[in-house]
Amino acid sequence: MSDANTTTTDSGSGSAWQTLQRVVLPNQSDLDTAPLYMDTGSALSVQLNTMDGSVSPQGVGSARSGDAKEIHAEDFKSRRSTLVRSGERVSFGTYFNAFPASYWRRWTTIQSVRLSVATTGDGGISVYKSNARGSLQHVETKRVTDSSVTTFDLSLAPFGDGGWYWFDLVAGSGSLVLDEAEWQAPHSVAAQGSITLEITTLNKPDFCLNNLSILADHPEALTPLKEILVVDQGTQKVADQPGFAEVEAALQGKLRIINQANLGGSGGFARGMYEAVENGSDYALLLDDDVVIEPESIARLLTFADHCKTPTIVGGHMFDLYNRTVLHTFGETVNPWRFQPDQPVAGQVLGHDFVRSNLRHTPWLHRRVDVDYNGWWMCLIPTTVIRDIGLSLPVFIKWDDAEYGLRAKAAGYPTVSMPGSAVWHVSWIDKDDLVGWQAYFHTRNRMIAALIHSPYEHGGRVVRESGYMDIKHLISMQYYTARGRIMALQDILKGPEQLHEVLPTKLTDIRAMSKDFPDSQFKTDPDAFPGARMDKPPRQGQGFQAPSYATLVPWAAKTIVRQLSKPVQDSSRERPQAFVAHQDNKWWRMSQYDSAVVSNAEGSGASWYQRDPKKLRAMLTEAGRLNAEILRNWPQLSARYKAAAEEITSFESWKKTFEENSEKSG
């Protein structure tokens, strides 16, 4: 067979076949991810009603039952080869090895594929397919003996709305060895595209060096890379790490590091886009720094993009770095009314665990998901698109990827979140970026994106929800967060012209305010705070309950009045009334305290929230005034941001910013 993205020739027909996707197995150091690569047991699917195609209540659940067995990871012979023990069945109907047929049918020029499987020993190969409802259908079974290469020619015609192909191996009386397998197509692409792989990093040199090491250990992943670019925006430099010289040498002279001031993710990724165009690459592949990559994903994204009908942004999915069989999301859209990320398919589960329910037994995973954007944890962007629509918005972090996907879509360039291509990244469960310094960027950038792209005259619910969020943070004693949000609203009204100017300084300005707010001052020692005690216990010992939807408005009004008028108990200034775990830090609970010590999402520290009616009154008034002004002037603001978008995302504007904030080379 062939290496990734190479061409083989059928000796019988003389026709050329190009590799689309190779079957791979996990590295020996990543065996906890094995269920993403290989499964066991019979080819079970969901149970569907044969009259209307609905899923039976008994049809959803774990497929790891019946004759399912634990994966014999010790039988993995290499990244491409495994042994199947006598009488056992293994399935490659898994996230990384099933073939996402509906995506290839919808977005590429490919109309049929060939499955080629090289085996040694006696047994059988059974090919299956699914439809958009997740119903399993047997396609064909072939017996194999000795050493053989078995092929199956398969049409993509039935995959209009969804569905996958995959195969199972069943060993006979002796063991059966999978030597290698791949999904192929008739050769149709003249030349493979070239990639500038860019990693934006800020003081995470260990993560960054690890990904460079992964690339160095997989030479086939280096083949399409014209350049590996690390945009280092931190003070802990990647180049200063032990072992860097050895890794750099193994990367075949393709590594280049650019040191620049901290311009955020948007500044780092914009630099990667800019350099990819400048060096003549066909694609820019953007990678976050705190990820672990599956190197096979690079070839898969590139091969898919090379075959797309039109220039297409192709992104990888995100798995949880600390629970590695858990998928964050299968694809995202932007809800145009709320202007928030949304799940485009009914039944789609955030945080799906493939150990609990595998691909074959999870109906919604079989429906094709069409998206508005892909997160920039791993995203391949054609330089054709970059030349046409420009670089990232200069917004530091948050919403840069979503806005770019919407901008590309408006220009006729789709985005595909490609199954079988992924990284592992710290999940949002272990972060809380809606509070603290990041709240400024969430607030400002969401509203900027809505001003540019919302189809509604006054932005739908965006401003209204902004007001709700201000109230929630303020009655929760999160005054530092609220101050950052107020600063964001003020800066929105200043207009888009100052976005490049504040890019390197805004984070410093926001963090400088933290000294004025106890809720932003963290201590790592749990004993650093006085012991907690409430002078007046909760009514009837019931604790604090969330208001119902029917009582929400009067409850909120009563709570705000109480917080504005009721004096703070002197004792709560001397000691907290409670210690609150991060997962219990809910606005309806926190609004009932005068003070509380609250732990952060990472579990590394806690801060002391303290009610302050004077701050509440001043910030509630200011936030309300600013939201009202934005809503009143939305049409004019929207026109202003739309008119400026081309200029502030242009190569010329970004080049000036890069030159002012980069170390001189040489």
# chains A, B, ... in the order shown; residues from 1 in each chain; ligands from 1
>>> residues_around(residues="Val334 of chain A", least_positions_apart="3", cutoff="9 Å", atoms="only C-alpha atoms", output="PDB file with C-alpha atoms, in the first residue's frame")
ATOM      1  CA  TRP A 337     -30.917  35.701  17.137  1.00  0.00           C
ATOM      2  CA  ARG A 338     -28.917  35.216  20.330  1.00  0.00           C
ATOM      3  CA  PHE A 339     -25.545  35.328  18.562  1.00  0.00           C
ATOM      4  CA  GLN A 340     -24.216  32.503  20.650  1.00  0.00           C
ATOM      5  CA  PRO A 341     -22.610  29.164  19.661  1.00  0.00           C
ATOM      6  CA  ASP A 342     -25.288  26.566  19.033  1.00  0.00           C
ATOM      7  CA  GLN A 343     -25.512  22.833  18.363  1.00  0.00           C
ATOM      8  CA  PRO A 344     -26.957  22.360  14.870  1.00  0.00           C
ATOM      9  CA  VAL A 371     -21.283  24.217  10.596  1.00  0.00           C
ATOM     10  CA  ASP A 372     -20.652  27.963  10.554  1.00  0.00           C
ATOM     11  CA  TYR A 373     -17.123  27.774  11.928  1.00  0.00           C
ATOM     12  CA  ALA A 402     -16.460  32.242  14.836  1.00  0.00           C
ATOM     13  CA  LEU A 406     -19.106  33.727   9.297  1.00  0.00           C
TER      14      LEU A 406
END
>>> residues_around(residues="Tyr413 of chain A", least_positions_apart="3", cutoff="7 Å", atoms="only C-alpha atoms", output="VMD selection string")
chain A and resid 311 to 312 408 to 409
>>> atom_distance(atom1="atom CA of Ser520 of chain A", atom2="atom CA of Ile486 of chain A")
15.9 Å
>>> residues_around(residues="Trp104 of chain A", least_positions_apart="4", cutoff="10 Å", atoms="only C-alpha atoms", output="list in words")
Leu20, Phe99, Pro100, Thr108, Thr109, Ile110, Gln111, Ser112, Val113, Leu156, Phe159, Phe304, His307, Cys308 and Met418 of chain A
>>> closest_atom_pairs(of="segment 139-205 of chain A", to="segment 76-96 of chain A", cutoff="7 Å", atoms="only C-alpha atoms", output="JSON lines")
{"residue": "A:Trp166", "atom": "CA", "partner": "A:Gly93", "partner_atom": "CA", "distance": 4.9}
{"residue": "A:Phe167", "atom": "CA", "partner": "A:Phe92", "partner_atom": "CA", "distance": 5.6}
{"residue": "A:Asp168", "atom": "CA", "partner": "A:Ser91", "partner_atom": "CA", "distance": 4.2}
{"residue": "A:Leu169", "atom": "CA", "partner": "A:Val90", "partner_atom": "CA", "distance": 5.4}
{"residue": "A:Val170", "atom": "CA", "partner": "A:Arg89", "partner_atom": "CA", "distance": 4.4}
{"residue": "A:Ala171", "atom": "CA", "partner": "A:Gly87", "partner_atom": "CA", "distance": 5.1}
{"residue": "A:Gly172", "atom": "CA", "partner": "A:Gly87", "partner_atom": "CA", "distance": 5.4}
{"residue": "A:Ser173", "atom": "CA", "partner": "A:Ser86", "partner_atom": "CA", "distance": 5.4}
{"residue": "A:Gly174", "atom": "CA", "partner": "A:Ser86", "partner_atom": "CA", "distance": 4.7}
{"residue": "A:Ser175", "atom": "CA", "partner": "A:Ser86", "partner_atom": "CA", "distance": 4.5}
{"residue": "A:Leu176", "atom": "CA", "partner": "A:Val84", "partner_atom": "CA", "distance": 5.1}
{"residue": "A:Val177", "atom": "CA", "partner": "A:Leu83", "partner_atom": "CA", "distance": 4.4}
{"residue": "A:Leu178", "atom": "CA", "partner": "A:Ser81", "partner_atom": "CA", "distance": 5.2}
{"residue": "A:Asp179", "atom": "CA", "partner": "A:Ser81", "partner_atom": "CA", "distance": 4.7}
{"residue": "A:Glu180", "atom": "CA", "partner": "A:Arg80", "partner_atom": "CA", "distance": 5.3}
>>> write_last_selection(atoms="N, CA and C atoms", output="short mmCIF file (atom, residue, chain, number, x, y, z; two decimals), in the first residue's frame")
data_model
loop_
_atom_site.label_atom_id
_atom_site.label_comp_id
_atom_site.auth_asym_id
_atom_site.auth_seq_id
_atom_site.Cartn_x
_atom_site.Cartn_y
_atom_site.Cartn_z
N TRP A 166 -17.45 1.46 7.32
CA TRP A 166 -16.39 0.89 8.16
C TRP A 166 -16.29 -0.61 7.88
N PHE A 167 -15.33 -1.26 8.49
CA PHE A 167 -15.19 -2.70 8.33
C PHE A 167 -14.85 -3.36 9.65
N ASP A 168 -15.23 -4.64 9.74
CA ASP A 168 -14.87 -5.47 10.88
C ASP A 168 -13.97 -6.59 10.41
N LEU A 169 -13.11 -7.09 11.28
CA LEU A 169 -12.29 -8.26 11.03
C LEU A 169 -12.70 -9.37 11.99
N VAL A 170 -12.84 -10.59 11.47
CA VAL A 170 -13.15 -11.75 12.30
C VAL A 170 -12.08 -12.80 12.03
N ALA A 171 -11.39 -13.21 13.10
CA ALA A 171 -10.34 -14.23 12.95
C ALA A 171 -10.97 -15.62 12.92
N GLY A 172 -10.35 -16.52 12.15
CA GLY A 172 -10.81 -17.91 12.07
C GLY A 172 -10.25 -18.73 13.22
N SER A 173 -9.89 -19.98 12.93
CA SER A 173 -9.38 -20.87 13.97
C SER A 173 -8.02 -20.44 14.49
N GLY A 174 -7.31 -19.65 13.68
CA GLY A 174 -6.05 -19.07 14.12
C GLY A 174 -6.17 -17.55 14.19
N SER A 175 -5.08 -16.92 14.52
CA SER A 175 -5.11 -15.46 14.60
C SER A 175 -5.09 -14.84 13.20
N LEU A 176 -5.59 -13.62 13.13
CA LEU A 176 -5.60 -12.85 11.88
C LEU A 176 -4.88 -11.53 12.15
N VAL A 177 -3.98 -11.14 11.27
CA VAL A 177 -3.23 -9.91 11.45
C VAL A 177 -3.66 -8.89 10.40
N LEU A 178 -4.06 -7.72 10.88
CA LEU A 178 -4.24 -6.58 9.97
C LEU A 178 -2.87 -5.97 9.75
N ASP A 179 -2.37 -6.04 8.53
CA ASP A 179 -1.07 -5.44 8.22
C ASP A 179 -1.22 -3.94 7.98
N GLU A 180 -2.22 -3.57 7.22
CA GLU A 180 -2.56 -2.16 7.02
C GLU A 180 -3.86 -2.08 6.23
#
>>> closest_atom_pairs(of="segment 472-505 of chain A", to="segment 456-466 of chain A", cutoff="12 Å", atoms="only C-alpha atoms", output="tab-separated table")
residue	atom	partner	partner_atom	distance
A:Lys472	CA	A:Ser466	CA	10.0
A:His473	CA	A:Ser466	CA	10.8
A:Ala482	CA	A:Ser466	CA	10.9
A:Arg485	CA	A:Ser466	CA	8.9
A:Ile486	CA	A:Ser466	CA	10.3
A:Ala488	CA	A:Ser466	CA	10.9
A:Leu489	CA	A:Ser466	CA	9.5
A:Ile492	CA	A:Val463	CA	12.0
>>> write_last_selection(atoms="C-alpha atoms", output="mmCIF file, in the first residue's frame")
data_model
loop_
_atom_site.group_PDB
_atom_site.id
_atom_site.type_symbol
_atom_site.label_atom_id
_atom_site.label_comp_id
_atom_site.auth_asym_id
_atom_site.auth_seq_id
_atom_site.Cartn_x
_atom_site.Cartn_y
_atom_site.Cartn_z
ATOM 1 C CA LYS A 472 -26.087 38.312 37.190
ATOM 2 C CA HIS A 473 -22.432 39.184 37.750
ATOM 3 C CA ALA A 482 -18.633 43.506 35.833
ATOM 4 C CA ARG A 485 -17.743 44.143 30.926
ATOM 5 C CA ILE A 486 -18.437 47.862 31.383
ATOM 6 C CA ALA A 488 -15.962 46.410 26.927
ATOM 7 C CA LEU A 489 -19.205 48.302 26.313
ATOM 8 C CA ILE A 492 -17.530 49.136 21.580
#
>>> select_by_dssp(residues="segment 281-459 of chain A", states="strand (DSSP E)", output="PyMOL selection string")
chain A and resi 283-287+291-293+313-320+323-327+333-335+340-342+352-353+378-382+415-425
>>> closest_residue(among="A:Leu365, A:Ala450, A:Ala299, A:Ile389", to="Pro336 of chain A", atoms="only C-alpha atoms")
A:Ala450
>>> select_by_dssp(residues="segment 339-555 of chain A", states="helix (DSSP H, G or I)", output="VMD selection string")
chain A and resid 359 to 361 363 to 366 383 to 389 400 to 410 428 to 430 438 to 453 462 to 475 479 to 494 496 to 502 506 to 516 518 to 520 526 to 528 539 to 541 552 to 555
>>> write_last_selection(atoms="C-alpha atoms", output="short mmCIF file (atom, residue, chain, number, x, y, z; two decimals), in the first residue's frame")
data_model
loop_
_atom_site.label_atom_id
_atom_site.label_comp_id
_atom_site.auth_asym_id
_atom_site.auth_seq_id
_atom_site.Cartn_x
_atom_site.Cartn_y
_atom_site.Cartn_z
CA LEU A 359 -19.98 5.35 17.10
CA ARG A 360 -22.11 2.46 15.87
CA HIS A 361 -24.58 2.88 18.70
CA PRO A 363 -27.57 7.84 16.19
CA TRP A 364 -26.81 11.57 16.09
CA LEU A 365 -23.15 10.94 15.21
CA HIS A 366 -24.28 9.52 11.85
CA THR A 383 -4.57 30.87 1.55
CA THR A 384 -6.95 31.58 -1.33
CA VAL A 385 -9.56 32.41 1.29
CA ILE A 386 -7.11 34.50 3.33
CA ARG A 387 -6.14 36.57 0.30
CA ASP A 388 -9.79 37.22 -0.46
CA ILE A 389 -11.32 38.01 2.95
CA ASP A 400 -12.08 35.47 16.32
CA ASP A 401 -12.64 31.95 14.93
CA ALA A 402 -16.46 32.24 14.84
CA GLU A 403 -16.35 35.66 13.16
CA TYR A 404 -13.88 34.41 10.56
CA GLY A 405 -16.10 31.44 9.72
CA LEU A 406 -19.11 33.73 9.30
CA ARG A 407 -17.07 36.12 7.15
CA ALA A 408 -15.86 33.27 4.96
CA LYS A 409 -19.39 31.87 4.64
CA ALA A 410 -20.68 35.27 3.53
CA TRP A 428 -14.28 24.18 29.14
CA ILE A 429 -15.33 22.38 32.34
CA ASP A 430 -11.87 23.09 33.71
CA GLN A 438 -11.55 37.28 29.95
CA ALA A 439 -15.07 38.63 30.49
CA TYR A 440 -14.00 41.86 28.75
CA PHE A 441 -13.10 40.01 25.56
CA HIS A 442 -16.18 37.77 25.61
CA THR A 443 -18.45 40.78 25.93
CA ARG A 444 -16.76 43.09 23.46
CA ASN A 445 -15.95 40.53 20.78
CA ARG A 446 -19.34 38.83 20.77
CA MET A 447 -21.00 42.20 20.24
CA ILE A 448 -18.48 43.24 17.56
CA ALA A 449 -19.15 39.99 15.67
CA ALA A 450 -22.89 40.63 15.97
CA LEU A 451 -22.52 44.22 14.77
CA ILE A 452 -20.80 42.91 11.64
CA HIS A 453 -22.87 39.78 10.96
CA VAL A 462 -27.52 40.32 22.02
CA VAL A 463 -27.88 43.61 23.92
CA ARG A 464 -30.71 42.32 26.09
CA GLU A 465 -28.66 39.29 27.12
CA SER A 466 -25.70 41.56 27.78
CA GLY A 467 -27.84 43.43 30.30
CA TYR A 468 -28.94 40.17 31.93
CA MET A 469 -25.31 39.06 32.26
CA ASP A 470 -24.34 42.38 33.87
CA ILE A 471 -27.06 41.94 36.49
CA LYS A 472 -26.09 38.31 37.19
CA HIS A 473 -22.43 39.18 37.75
CA LEU A 474 -23.22 42.20 39.89
CA ILE A 475 -25.67 40.47 42.24
CA TYR A 479 -17.45 43.26 40.57
CA TYR A 480 -14.13 42.82 38.76
CA THR A 481 -15.90 40.86 36.02
CA ALA A 482 -18.63 43.51 35.83
CA ARG A 483 -16.06 46.30 35.57
CA GLY A 484 -14.40 44.50 32.66
CA ARG A 485 -17.74 44.14 30.93
CA ILE A 486 -18.44 47.86 31.38
CA MET A 487 -15.04 48.66 29.87
CA ALA A 488 -15.96 46.41 26.93
CA LEU A 489 -19.20 48.30 26.31
CA GLN A 490 -17.35 51.61 26.48
CA ASP A 491 -14.82 50.40 23.92
CA ILE A 492 -17.53 49.14 21.58
CA LEU A 493 -18.94 52.66 21.45
CA LYS A 494 -15.48 54.05 20.65
CA PRO A 496 -13.42 49.76 15.41
CA GLU A 497 -10.63 52.18 14.54
CA GLN A 498 -8.78 51.68 17.85
CA LEU A 499 -8.77 47.86 17.85
CA HIS A 500 -5.22 47.49 16.49
CA GLU A 501 -3.94 50.21 18.79
CA VAL A 502 -5.20 48.58 22.01
CA LYS A 506 -5.71 46.07 26.75
CA LEU A 507 -4.94 42.93 28.77
CA THR A 508 -2.50 44.90 30.93
CA ASP A 509 -5.12 47.59 31.51
CA ILE A 510 -7.74 45.04 32.55
CA ARG A 511 -5.44 43.14 34.90
CA ALA A 512 -4.29 46.39 36.50
CA MET A 513 -7.84 46.85 37.82
CA SER A 514 -7.79 43.58 39.75
CA LYS A 515 -6.10 45.13 42.80
CA ASP A 516 -9.28 47.10 43.46
CA PRO A 518 -11.23 41.26 46.27
CA ASP A 519 -13.16 38.83 44.05
CA SER A 520 -10.19 38.85 41.63
CA PRO A 526 -7.37 27.24 51.94
CA ASP A 527 -6.43 28.41 55.43
CA ALA A 528 -5.63 31.92 54.22
CA ARG A 539 -34.98 29.79 56.33
CA GLN A 540 -36.07 26.40 57.71
CA GLY A 541 -32.63 25.04 56.85
CA LEU A 552 -37.79 35.10 38.03
CA VAL A 553 -38.64 38.76 37.36
CA PRO A 554 -40.13 39.59 40.79
CA TRP A 555 -37.39 37.54 42.47
#
>>> closest_residue(among="A:Ser155, A:Asn203, A:Ser116, A:Thr524", to="Gly603 of chain A", atoms="only C-alpha atoms")
A:Thr524
>>> residues_around(residues="Gln610 of chain A", least_positions_apart="3", cutoff="9 Å", atoms="only C-alpha atoms", output="NGL selection string")
:A and (477-478 or 518-519 or 572-573 or 576 or 593-597)
>>> write_last_selection(atoms="C-alpha atoms", output="short mmCIF file (atom, residue, chain, number, x, y, z; two decimals), in the first residue's frame")
data_model
loop_
_atom_site.label_atom_id
_atom_site.label_comp_id
_atom_site.auth_asym_id
_atom_site.auth_seq_id
_atom_site.Cartn_x
_atom_site.Cartn_y
_atom_site.Cartn_z
CA MET A 477 -20.53 40.08 43.88
CA GLN A 478 -18.33 39.59 40.79
CA PRO A 518 -11.23 41.26 46.27
CA ASP A 519 -13.16 38.83 44.05
CA SER A 572 -19.29 39.45 56.95
CA ARG A 573 -16.46 41.94 56.50
CA PRO A 576 -17.00 34.91 54.99
CA TYR A 593 -24.73 36.19 50.66
CA ASP A 594 -22.98 39.28 51.98
CA SER A 595 -19.63 37.54 51.53
CA ALA A 596 -18.30 34.13 50.54
CA VAL A 597 -15.02 32.48 49.60
#
>>> residues_around(residues="Ala249 of chain A", least_positions_apart="5", cutoff="12 Å", atoms="only C-alpha atoms", output="ChimeraX atom specification")
/A:212-213,215-217,243-244,254-256
>>> write_last_selection(atoms="N, CA and C atoms", output="mmCIF file, in the first residue's frame")
data_model
loop_
_atom_site.group_PDB
_atom_site.id
_atom_site.type_symbol
_atom_site.label_atom_id
_atom_site.label_comp_id
_atom_site.auth_asym_id
_atom_site.auth_seq_id
_atom_site.Cartn_x
_atom_site.Cartn_y
_atom_site.Cartn_z
ATOM 1 N N LEU A 212 5.706 19.633 18.957
ATOM 2 C CA LEU A 212 6.814 19.599 18.009
ATOM 3 C C LEU A 212 7.481 18.233 18.035
ATOM 4 N N SER A 213 7.584 17.624 19.216
ATOM 5 C CA SER A 213 8.165 16.288 19.326
ATOM 6 C C SER A 213 7.305 15.245 18.631
ATOM 7 N N LEU A 215 5.386 15.747 16.054
ATOM 8 C CA LEU A 215 5.633 15.912 14.623
ATOM 9 C C LEU A 215 6.967 15.288 14.235
ATOM 10 N N ALA A 216 7.998 15.513 15.059
ATOM 11 C CA ALA A 216 9.318 14.963 14.759
ATOM 12 C C ALA A 216 9.304 13.439 14.760
ATOM 13 N N ASP A 217 8.442 12.842 15.599
ATOM 14 C CA ASP A 217 8.363 11.382 15.688
ATOM 15 C C ASP A 217 7.519 10.768 14.581
ATOM 16 N N GLY A 243 15.962 20.097 25.587
ATOM 17 C CA GLY A 243 15.574 19.205 24.496
ATOM 18 C C GLY A 243 15.135 19.898 23.237
ATOM 19 N N PHE A 244 15.049 21.225 23.270
ATOM 20 C CA PHE A 244 14.571 21.943 22.088
ATOM 21 C C PHE A 244 15.493 21.721 20.889
ATOM 22 N N LYS A 254 12.507 22.777 9.066
ATOM 23 C CA LYS A 254 11.229 23.425 8.745
ATOM 24 C C LYS A 254 10.714 24.338 9.854
ATOM 25 N N LEU A 255 11.368 24.323 11.021
ATOM 26 C CA LEU A 255 10.873 25.099 12.158
ATOM 27 C C LEU A 255 11.395 26.530 12.122
ATOM 28 N N ARG A 256 10.496 27.481 12.340
ATOM 29 C CA ARG A 256 10.875 28.890 12.502
ATOM 30 C C ARG A 256 10.084 29.463 13.667
#
>>> atom_distance(atom1="atom CA of Met38 of chain A", atom2="atom CA of Asp75 of chain A")
11.6 Å
>>> residues_around(residues="Phe152 of chain A", least_positions_apart="4", cutoff="10 Å", atoms="only C-alpha atoms", output="NGL selection string")
:A and (113-117 or 125-127 or 139-142 or 183)
>>> write_last_selection(atoms="N, CA and C atoms", output="PDB file, in the first residue's frame")
ATOM      1  N   VAL A 113     -15.348   5.255  -3.436  1.00  0.00           N
ATOM      2  CA  VAL A 113     -14.097   4.971  -2.738  1.00  0.00           C
ATOM      3  C   VAL A 113     -13.804   3.487  -2.807  1.00  0.00           C
ATOM      4  N   ARG A 114     -12.548   3.170  -2.552  1.00  0.00           N
ATOM      5  CA  ARG A 114     -12.130   1.775  -2.460  1.00  0.00           C
ATOM      6  C   ARG A 114     -11.526   1.542  -1.086  1.00  0.00           C
ATOM      7  N   LEU A 115     -11.977   0.495  -0.415  1.00  0.00           N
ATOM      8  CA  LEU A 115     -11.356   0.048   0.826  1.00  0.00           C
ATOM      9  C   LEU A 115     -10.354  -1.044   0.478  1.00  0.00           C
ATOM     10  N   SER A 116      -9.109  -0.861   0.873  1.00  0.00           N
ATOM     11  CA  SER A 116      -8.056  -1.839   0.610  1.00  0.00           C
ATOM     12  C   SER A 116      -7.505  -2.314   1.950  1.00  0.00           C
ATOM     13  N   VAL A 117      -7.572  -3.639   2.190  1.00  0.00           N
ATOM     14  CA  VAL A 117      -7.180  -4.205   3.478  1.00  0.00           C
ATOM     15  C   VAL A 117      -6.143  -5.303   3.254  1.00  0.00           C
ATOM     16  N   ILE A 125     -13.525 -10.379   6.326  1.00  0.00           N
ATOM     17  CA  ILE A 125     -13.640  -8.916   6.378  1.00  0.00           C
ATOM     18  C   ILE A 125     -15.071  -8.575   5.999  1.00  0.00           C
ATOM     19  N   SER A 126     -15.772  -7.903   6.898  1.00  0.00           N
ATOM     20  CA  SER A 126     -17.147  -7.484   6.632  1.00  0.00           C
ATOM     21  C   SER A 126     -17.217  -5.967   6.583  1.00  0.00           C
ATOM     22  N   VAL A 127     -17.824  -5.448   5.517  1.00  0.00           N
ATOM     23  CA  VAL A 127     -17.976  -4.005   5.340  1.00  0.00           C
ATOM     24  C   VAL A 127     -19.414  -3.612   5.680  1.00  0.00           C
ATOM     25  N   VAL A 139     -22.856  -4.506   3.984  1.00  0.00           N
ATOM     26  CA  VAL A 139     -22.572  -4.293   2.564  1.00  0.00           C
ATOM     27  C   VAL A 139     -22.031  -5.558   1.918  1.00  0.00           C
ATOM     28  N   GLU A 140     -20.960  -6.118   2.460  1.00  0.00           N
ATOM     29  CA  GLU A 140     -20.330  -7.277   1.824  1.00  0.00           C
ATOM     30  C   GLU A 140     -19.337  -7.910   2.801  1.00  0.00           C
ATOM     31  N   THR A 141     -19.201  -9.244   2.703  1.00  0.00           N
ATOM     32  CA  THR A 141     -18.200  -9.974   3.479  1.00  0.00           C
ATOM     33  C   THR A 141     -17.345 -10.809   2.530  1.00  0.00           C
ATOM     34  N   LYS A 142     -16.039 -10.808   2.775  1.00  0.00           N
ATOM     35  CA  LYS A 142     -15.121 -11.621   1.987  1.00  0.00           C
ATOM     36  C   LYS A 142     -14.228 -12.430   2.913  1.00  0.00           C
ATOM     37  N   TRP A 183      -8.540   3.830   2.977  1.00  0.00           N
ATOM     38  CA  TRP A 183      -9.634   4.217   2.095  1.00  0.00           C
ATOM     39  C   TRP A 183      -9.030   5.028   0.952  1.00  0.00           C
TER      40      TRP A 183
END
>>> atom_distance(atom1="atom CA of Phe354 of chain A", atom2="atom CA of Asn323 of chain A")
10.7 Å
>>> closest_residue(among="A:Ser638, A:Gln521, A:Thr415, A:Gln252", to="Thr333 of chain A", atoms="only C-alpha atoms")
A:Thr415
>>> closest_atom_pairs(of="segment 348-400 of chain A", to="segment 316-320 of chain A", cutoff="8 Å", atoms="only C-alpha atoms", output="tab-separated table")
residue	atom	partner	partner_atom	distance
A:Asn374	CA	A:Gly316	CA	7.5
A:Trp377	CA	A:Met318	CA	7.4
A:Met378	CA	A:Gly316	CA	5.4
A:Cys379	CA	A:Gly316	CA	6.2
>>> closest_residue(among="A:Trp107, A:Asn262, A:Pro419, A:Phe207", to="Trp164 of chain A", atoms="only C-alpha atoms")
A:Pro419
>>> closest_residue(among="A:Leu263, A:Thr621, A:Arg106, A:Asn358", to="Val416 of chain A", atoms="only C-alpha atoms")
A:Arg106
>>> closest_residue(among="A:Ala73, A:Ala618, A:Ile397, A:Ser476", to="Pro35 of chain A", atoms="only C-alpha atoms")
A:Ala73
